[in-house]
Amino acid sequence: MTADERAGVALTNLDQPLFDGADATKGDLVDYLDAVRDQIIGALRDRPLSVIRVRPGQKPFMQKNLPTYAPEWIESVTVWAEASHRDVSYALCNDRRTLLWFGNQRAVEYHAALARTDHPQTPTHLVIDLDPPEADAFDMAVGAAHLIERTLADAGLAGAVKTSGAKGLHVFVPLESTVTIEDVAAATRAIAARAERLDPALATTAFIRDDRGGKVFLDSTRAGGATVAAAYSPRIRTGAPVSFPVAWADLDRVSPRDFTIRNAAALIGADDPWVRLMPAPQHLPADLVAEGHEIPIARVQAMHEGKRRARAKRDK
């Protein structure tokens, strides 16, 4: 094994800058992924994987299909994509050499499906994505997260929270294996709506950005075929931050910039904080699901509203 090879994977150009503003090299990315391999593979295992890669001099791009030049030992799964009406061959990042290969391909971000390949119609988690209006409004996202925490508690549920690695937060609620995609999506809408009612001056469920009025967007659309940045995934942001688990009690004392590819491995320690902080799988209350089924799907509602506004503008 040479200095540029690990686990049988050839590593190249490790001294190249990772991306503008990262203050890190490709080698730093590979070292980080290798250091947290047990934890990040735990978050990715058996889930269709999309990555965001960044090549020198190019804009970042999302890669869903596993390239034809990928090594034959990388596991994959074929999934029908309803939106694009085609089969997509997704990689499964289930071992160290697969992770290292993606790192060498300059895959910085790791976005995993919410269902595993053995039960593709059964999400393992309900997810609320908290998106503050500005990059420097993380304190607003924290306030919104506590609204979600209270809403979950009122419904007899509990979740875990992590920084998104960008400007917001992700709340995950682990689910029992009998919940359908449709019911998870409905419950997510209901939780967001209930949290919005607790403090409508802080939080909004408005899908159209211009309608949010400087509030935190409670994104209830992370269901079905959606993906989310995995715990411990780096993000293509200034300083190369990573998505990192945080205890609810510590949420008011952290910033997304506290966790980067340079220090996150040391902060994790010997265990897996995301596993440790995650509650046991739970059953969704029937009233929550029923309420959610009465709430319009945000993307569909936004599409119709956009068309209505376009017609009104033309008529005017």
# chains A, B, ... in the order shown; residues from 1 in each chain; ligands from 1
$ closest_atom_pairs --of "segment 102-163 of chain A" --to "segment 277-291 of chain A" --cutoff "9 Å" --atoms "only C-alpha atoms" --output "tab-separated table"
residue	atom	partner	partner_atom	distance
A:Thr124	CA	A:Pro281	CA	8.3
A:His125	CA	A:Pro281	CA	8.4
A:Ala155	CA	A:Pro285	CA	7.1
A:Gly156	CA	A:Pro285	CA	8.0
A:Leu157	CA	A:Gln282	CA	7.1
A:Ala158	CA	A:Pro279	CA	6.5
A:Gly159	CA	A:Pro279	CA	6.2
A:Ala160	CA	A:Met278	CA	5.2
A:Val161	CA	A:Leu277	CA	8.3
$ residues_around --residues "Phe138 of chain A" --least-positions-apart "2" --cutoff "8 Å" --atoms "only C-alpha atoms" --output "PyMOL selection string"
chain A and resi 132+134-136+140-142+167-168+255-256
$ closest_residue --among "A:Ile297, A:Ala24, A:Ile208, A:Ala107" --to "Leu49 of chain A" --atoms "only C-alpha atoms"
A:Ala107
$ closest_residue --among "A:Ser89, A:Gln39, A:Gln105, A:Asn94" --to "Pro56 of chain A" --atoms "only C-alpha atoms"
A:Gln105
$ closest_residue --among "A:Arg47, A:Lys64, A:Arg235, A:Arg257" --to "Asp87 of chain A" --atoms "only C-alpha atoms"
A:Lys64
$ closest_atom_pairs --of "segment 215-314 of chain A" --to "segment 1-22 of chain A" --cutoff "10 Å" --atoms "only C-alpha atoms" --output "Markdown table"
| residue | atom | partner | partner_atom | distance |
| --- | --- | --- | --- | --- |
| A:Arg235 | CA | A:Ala22 | CA | 9.5 |
| A:Ile236 | CA | A:Ala22 | CA | 7.6 |
| A:Arg237 | CA | A:Ala22 | CA | 6.9 |
| A:Thr238 | CA | A:Gly21 | CA | 4.8 |
| A:Gly239 | CA | A:Ala22 | CA | 4.5 |
| A:Ala240 | CA | A:Ala22 | CA | 4.9 |
| A:Pro241 | CA | A:Ala22 | CA | 8.6 |
| A:Thr260 | CA | A:Ala22 | CA | 9.7 |
| A:Ile261 | CA | A:Ala22 | CA | 9.6 |
$ select_by_dssp --residues "segment 66-145 of chain A" --states "helix (DSSP H, G or I)" --output "PyMOL selection string"
chain A and resi 96-104+138-145
$ closest_residue --among "A:Phe172, A:Thr98, A:Ala91, A:Arg150" --to "Pro67 of chain A" --atoms "only C-alpha atoms"
A:Ala91
$ atom_distance --atom1 "atom CA of Ala201 of chain A" --atom2 "atom CA of Ala229 of chain A"
27.7 Å
$ residues_around --residues "Phe244 of chain A" --least-positions-apart "2" --cutoff "6 Å" --atoms "only C-alpha atoms" --output "count of residues only"
5
$ select_by_dssp --residues "segment 35-177 of chain A" --states "strand (DSSP E or B)" --output "ChimeraX atom specification"
/A:49-53,61-63,76-81,86-91,107-113,125-131,160-163,169-175
$ write_last_selection --atoms "N, CA and C atoms" --output "tab-separated table (two decimals), in the first residue's frame"
chain	number	residue	atom	x	y	z
A	49	LEU	N	-28.24	6.31	-2.65
A	49	LEU	CA	-27.39	7.46	-2.35
A	49	LEU	C	-27.28	8.40	-3.54
A	50	SER	N	-27.49	9.68	-3.27
A	50	SER	CA	-27.16	10.75	-4.21
A	50	SER	C	-26.02	11.55	-3.59
A	51	VAL	N	-25.07	11.96	-4.41
A	51	VAL	CA	-23.94	12.75	-3.91
A	51	VAL	C	-23.86	14.06	-4.68
A	52	ILE	N	-23.25	15.04	-4.05
A	52	ILE	CA	-22.95	16.29	-4.74
A	52	ILE	C	-21.44	16.38	-4.84
A	53	ARG	N	-20.98	16.43	-6.10
A	53	ARG	CA	-19.55	16.47	-6.37
A	53	ARG	C	-19.15	17.87	-6.81
A	61	PHE	N	-22.36	19.66	-8.68
A	61	PHE	CA	-23.48	19.01	-9.36
A	61	PHE	C	-23.88	17.76	-8.60
A	62	MET	N	-25.19	17.46	-8.65
A	62	MET	CA	-25.69	16.26	-7.98
A	62	MET	C	-25.58	15.07	-8.92
A	63	GLN	N	-25.12	13.96	-8.39
A	63	GLN	CA	-25.00	12.72	-9.14
A	63	GLN	C	-25.87	11.66	-8.49
A	76	SER	N	-25.27	-1.51	-5.80
A	76	SER	CA	-26.21	-0.54	-6.34
A	76	SER	C	-27.62	-1.11	-6.31
A	77	VAL	N	-28.59	-0.23	-6.52
A	77	VAL	CA	-29.99	-0.64	-6.59
A	77	VAL	C	-30.65	0.22	-7.66
A	78	THR	N	-31.51	-0.38	-8.45
A	78	THR	CA	-32.21	0.34	-9.50
A	78	THR	C	-33.60	0.75	-9.00
A	79	VAL	N	-33.89	2.03	-9.14
A	79	VAL	CA	-35.15	2.59	-8.65
A	79	VAL	C	-35.82	3.36	-9.79
A	80	TRP	N	-37.11	3.15	-9.95
A	80	TRP	CA	-37.86	3.88	-10.95
A	80	TRP	C	-38.13	5.30	-10.44
A	81	ALA	N	-37.70	6.29	-11.21
A	81	ALA	CA	-37.92	7.70	-10.84
A	81	ALA	C	-39.17	8.20	-11.55
A	86	ARG	N	-37.78	7.28	-15.57
A	86	ARG	CA	-36.65	6.46	-15.98
A	86	ARG	C	-36.12	5.69	-14.77
A	87	ASP	N	-35.37	4.64	-15.05
A	87	ASP	CA	-34.69	3.91	-13.99
A	87	ASP	C	-33.41	4.64	-13.61
A	88	VAL	N	-33.15	4.71	-12.32
A	88	VAL	CA	-31.92	5.30	-11.81
A	88	VAL	C	-31.16	4.24	-11.03
A	89	SER	N	-29.89	4.07	-11.35
A	89	SER	CA	-29.04	3.11	-10.65
A	89	SER	C	-28.30	3.85	-9.53
A	90	TYR	N	-28.80	3.72	-8.32
A	90	TYR	CA	-28.21	4.40	-7.17
A	90	TYR	C	-27.13	3.53	-6.53
A	91	ALA	N	-26.06	4.17	-6.10
A	91	ALA	CA	-25.05	3.46	-5.32
A	91	ALA	C	-25.56	3.22	-3.91
A	107	ALA	N	-16.76	13.65	-4.16
A	107	ALA	CA	-18.14	13.68	-3.67
A	107	ALA	C	-18.09	14.26	-2.26
A	108	VAL	N	-18.58	15.49	-2.11
A	108	VAL	CA	-18.50	16.18	-0.82
A	108	VAL	C	-19.75	15.92	0.02
A	109	GLU	N	-20.93	15.99	-0.62
A	109	GLU	CA	-22.18	15.84	0.12
A	109	GLU	C	-22.80	14.47	-0.15
A	110	TYR	N	-23.41	13.88	0.91
A	110	TYR	CA	-23.99	12.55	0.85
A	110	TYR	C	-25.45	12.62	1.28
A	111	HIS	N	-26.35	12.48	0.32
A	111	HIS	CA	-27.78	12.62	0.55
A	111	HIS	C	-28.44	11.24	0.42
A	112	ALA	N	-29.01	10.78	1.50
A	112	ALA	CA	-29.56	9.43	1.55
A	112	ALA	C	-31.08	9.44	1.48
A	113	ALA	N	-31.64	8.38	0.89
A	113	ALA	CA	-33.08	8.20	0.89
A	113	ALA	C	-33.56	7.91	2.30
A	125	HIS	N	-37.80	7.22	8.95
A	125	HIS	CA	-37.88	8.43	9.76
A	125	HIS	C	-38.84	9.44	9.13
A	126	LEU	N	-39.47	10.21	9.98
A	126	LEU	CA	-40.18	11.42	9.57
A	126	LEU	C	-39.20	12.57	9.75
A	127	VAL	N	-39.11	13.46	8.77
A	127	VAL	CA	-38.11	14.52	8.81
A	127	VAL	C	-38.75	15.89	8.59
A	128	ILE	N	-38.40	16.83	9.44
A	128	ILE	CA	-38.75	18.24	9.26
A	128	ILE	C	-37.46	19.01	9.02
A	129	ASP	N	-37.40	19.73	7.92
A	129	ASP	CA	-36.24	20.55	7.56
A	129	ASP	C	-36.55	21.99	7.92
A	130	LEU	N	-35.74	22.58	8.79
A	130	LEU	CA	-35.98	23.94	9.26
A	130	LEU	C	-35.03	24.88	8.54
A	131	ASP	N	-35.60	25.75	7.72
A	131	ASP	CA	-34.82	26.61	6.82
A	131	ASP	C	-35.01	28.08	7.21
A	160	ALA	N	-34.81	13.46	17.22
A	160	ALA	CA	-33.42	13.89	17.38
A	160	ALA	C	-33.17	15.02	16.39
A	161	VAL	N	-32.21	15.87	16.72
A	161	VAL	CA	-31.95	17.04	15.89
A	161	VAL	C	-30.47	17.10	15.52
A	162	LYS	N	-30.21	17.60	14.32
A	162	LYS	CA	-28.83	17.80	13.87
A	162	LYS	C	-28.76	19.07	13.04
A	163	THR	N	-27.59	19.67	13.00
A	163	THR	CA	-27.41	20.77	12.08
A	163	THR	C	-27.48	20.20	10.66
A	169	LEU	N	-31.54	23.33	10.37
A	169	LEU	CA	-31.56	22.14	11.22
A	169	LEU	C	-32.48	21.09	10.61
A	170	HIS	N	-32.20	19.83	10.95
A	170	HIS	CA	-33.06	18.71	10.59
A	170	HIS	C	-33.55	18.03	11.86
A	171	VAL	N	-34.85	17.79	11.95
A	171	VAL	CA	-35.41	17.01	13.05
A	171	VAL	C	-35.86	15.67	12.49
A	172	PHE	N	-35.38	14.58	13.08
A	172	PHE	CA	-35.72	13.22	12.65
A	172	PHE	C	-36.56	12.53	13.73
A	173	VAL	N	-37.64	11.91	13.33
A	173	VAL	CA	-38.46	11.11	14.23
A	173	VAL	C	-38.43	9.67	13.73
A	174	PRO	N	-37.82	8.74	14.46
A	174	PRO	CA	-37.75	7.35	14.00
A	174	PRO	C	-39.11	6.68	14.07
A	175	LEU	N	-39.41	5.86	13.06
A	175	LEU	CA	-40.75	5.29	12.93
A	175	LEU	C	-40.73	3.77	12.98
$ atom_distance --atom1 "atom CA of Ser220 of chain A" --atom2 "atom CA of Lys59 of chain A"
28.1 Å
